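Read through the structure below, which is laid out as structure tokens, and then see the notes.
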Amino acid sequence: MPYSEDWIERYSRHIILSEVGGGGQQKIGNAKVLVLGAGGLGSPVALYLAAAGVGTLGIVDNDVVDLSNLQRQVLHATPDIGRSKVESAAEKLQAINPDLTIKPYKELVTSANIMDIFKDYDIVVDGTDNFPTRFLVNDACVMAGKPLVHGAILRFDGQAFTIIPYEGPCYRCIFREPPPPGAVPNCSQAGILGAVAGIIGTIQATEVLKLILGKGKLLTGRLLILDALDMSFRETRIRKDPNCPICGQNPTITELTDYEWVC
Amino acid sequence: MSKFKVDDSLDLRGVLCPINFVKTKLKLEEMEPGDHLEVLLDEGDPIANVPRSVKEEGHMILKVDREGEHAYRIIIKKS
Ligand SMILES: [Zn+2]
């Protein structure tokens, strides 16, 4: 058998699944996934993808761990306060699964570096917490033709959907422009129930694994919306907009721009 | 002895559930449709669970024989 005993045992609960098997687990091992943000969403996303055996995991974050992060950013612990988030993340992820290649990027994604970071990855996961980055990430994924798994959280609410450029709607098909600075509260101003980040992040991780396996029905063309106070999910049909400024028939956005930061 | 042709075989005596099924499944993935895999399994949980899981994956159990006092020999036809 070409598989090691450790590999068989570690991934046995995956291999048993008829949608995964040995072949599917190898696909997971060969996948290269980039997680943007090592915070509330990025933590569960990266933890589950590392445990699942995603062979190459890139983590981008420019922040350092702050005491106020620990209520929801489960990758980091009290002794990590003051450390760079990507360094703290890489250590935890590598400990879960020493076989993986974890690539930390301690930087902000900008129009200048984003394409260069994206080029080594098959799938991008957005775990960022602000509109300027979200639009930049969407535009870069559309331009590079990379699948993007979007997630966002605020208070007790969350949403997620998956973008397959040109096949389904992108973020801009639905939310045309970033809101003006200061118009929308970010999570530092509005608060967030930590566990809500876990729900949305694990949905994102599940979408990534389905993308890798080519199984099931993705959240493409439907926006999944969580109301955790009510503990209910609803789904809104979303359509590709032929007039979308980035993925439409006559795109007006032909190069990447950095939007003004709210916070 | 089995009168079926056997293309490959696994001795999974002493291997616990569910790793015995996982190893059977991985071996079947490498084989061609219609191939026969012979598997030796312990009595108790292994012989109760593995053939059922193999059938759930769509394969056929052609034969189940006793193998010594505490084990079984099964022949699986890959679907
Ligand atoms: Zn679009």
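By convention in this document, the chains of the structure tokens carry letters A, B, ... by their order, each chain's residues are numbered from 1, and ligands are numbered from 1 in the order they are shown.
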### Message
Can you pull out every residue with an atom within 9 Å of ligand 1? Use only C-alpha atoms and all ligand atoms and format it as an NGL selection string.
### Response
:A and (138-139 or 142 or 165-166 or 168-174 or 176 or 239-248)
At a cut-off of 7 Å, can you tabulate as a tab-separated table every residue of chain B near chain A together with its closest atom pair and the distance in Å to one decimal, using only C-alpha atoms and ordering rows by chain then number?
residue	atom	partner	partner_atom	distance
B:Ile19	CA	A:Ser12	CA	6.7
B:Val22	CA	A:Ile16	CA	6.0
B:Leu26	CA	A:Gly22	CA	5.8
B:Glu57	CA	A:Ser18	CA	6.8
### Task
Please measure the separation of CA of Ser84 (chain A) and CA of Val65 (chain A), giving the value in Å to one decimal.
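If I compute the distance from CA of Ser84 (chain A) to CA of Val65 (chain A), I get 6.1 Å.
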### Task
Please provide the set of residues having any atom within 9 Å of Cys17 (chain B), restricted to only C-alpha atoms, with same-chain residues fewer than 2 positions apart removed, written as a ChimeraX atom specification.
/B:15,19-22,45-46,49-50
### Task
Name the residues in contact with Ile76 (chain B) at a cut-off of 12 Å, using only C-alpha atoms, excluding same-chain residues fewer than 2 positions from it; report them as a PyMOL selection string.
chain B and resi 2+4-10+24-25+27-28+31+33-40+50-55+57-64+73-74+78-79
Only C-alpha atoms, please: the residues just picked out, written as a short mmCIF file (atom, residue, chain, number, x, y, z; two decimals), in the first residue's frame.
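So the final result, stored in out.cif, reads:
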data_model
loop_
_atom_site.label_atom_id
_atom_site.label_comp_id
_atom_site.auth_asym_id
_atom_site.auth_seq_id
_atom_site.Cartn_x
_atom_site.Cartn_y
_atom_site.Cartn_z
CA SER B 2 -11.94 -20.43 -1.98
CA PHE B 4 -12.89 -17.79 -6.52
CA LYS B 5 -9.92 -16.24 -8.24
CA VAL B 6 -8.20 -13.75 -5.95
CA ASP B 7 -6.47 -10.69 -7.39
CA ASP B 8 -5.15 -9.34 -4.12
CA SER B 9 -5.39 -10.08 -0.43
CA LEU B 10 -5.13 -8.39 2.94
CA THR B 24 -9.87 -2.52 2.76
CA LYS B 25 -11.29 0.58 1.11
CA LYS B 27 -6.89 -1.42 -1.37
CA LEU B 28 -10.16 -1.58 -3.33
CA MET B 31 -7.99 -2.37 -7.90
CA PRO B 33 -13.76 -3.06 -11.27
CA GLY B 34 -14.60 -6.76 -11.16
CA ASP B 35 -11.38 -7.67 -9.31
CA HIS B 36 -11.62 -9.93 -6.30
CA LEU B 37 -10.06 -8.97 -2.95
CA GLU B 38 -9.60 -11.52 -0.22
CA VAL B 39 -9.61 -10.12 3.33
CA LEU B 40 -8.94 -11.89 6.62
CA VAL B 50 -16.38 -4.48 7.58
CA PRO B 51 -18.53 -6.49 5.13
CA ARG B 52 -21.49 -4.19 5.81
CA SER B 53 -19.42 -1.06 5.17
CA VAL B 54 -17.96 -2.62 2.01
CA LYS B 55 -21.49 -3.33 0.74
CA GLU B 57 -19.79 1.41 -0.82
CA GLY B 58 -21.42 -0.63 -3.57
CA HIS B 59 -19.11 -3.66 -3.66
CA MET B 60 -20.25 -7.28 -3.43
CA ILE B 61 -19.36 -9.84 -0.80
CA LEU B 62 -18.99 -13.08 -2.73
CA LYS B 63 -18.08 -15.39 0.09
CA VAL B 64 -17.54 -15.56 3.85
CA ARG B 73 -11.93 -14.97 5.17
CA ILE B 74 -14.14 -12.87 2.90
CA LYS B 78 -15.02 -4.53 -6.56
CA SER B 79 -17.90 -2.69 -8.21
#
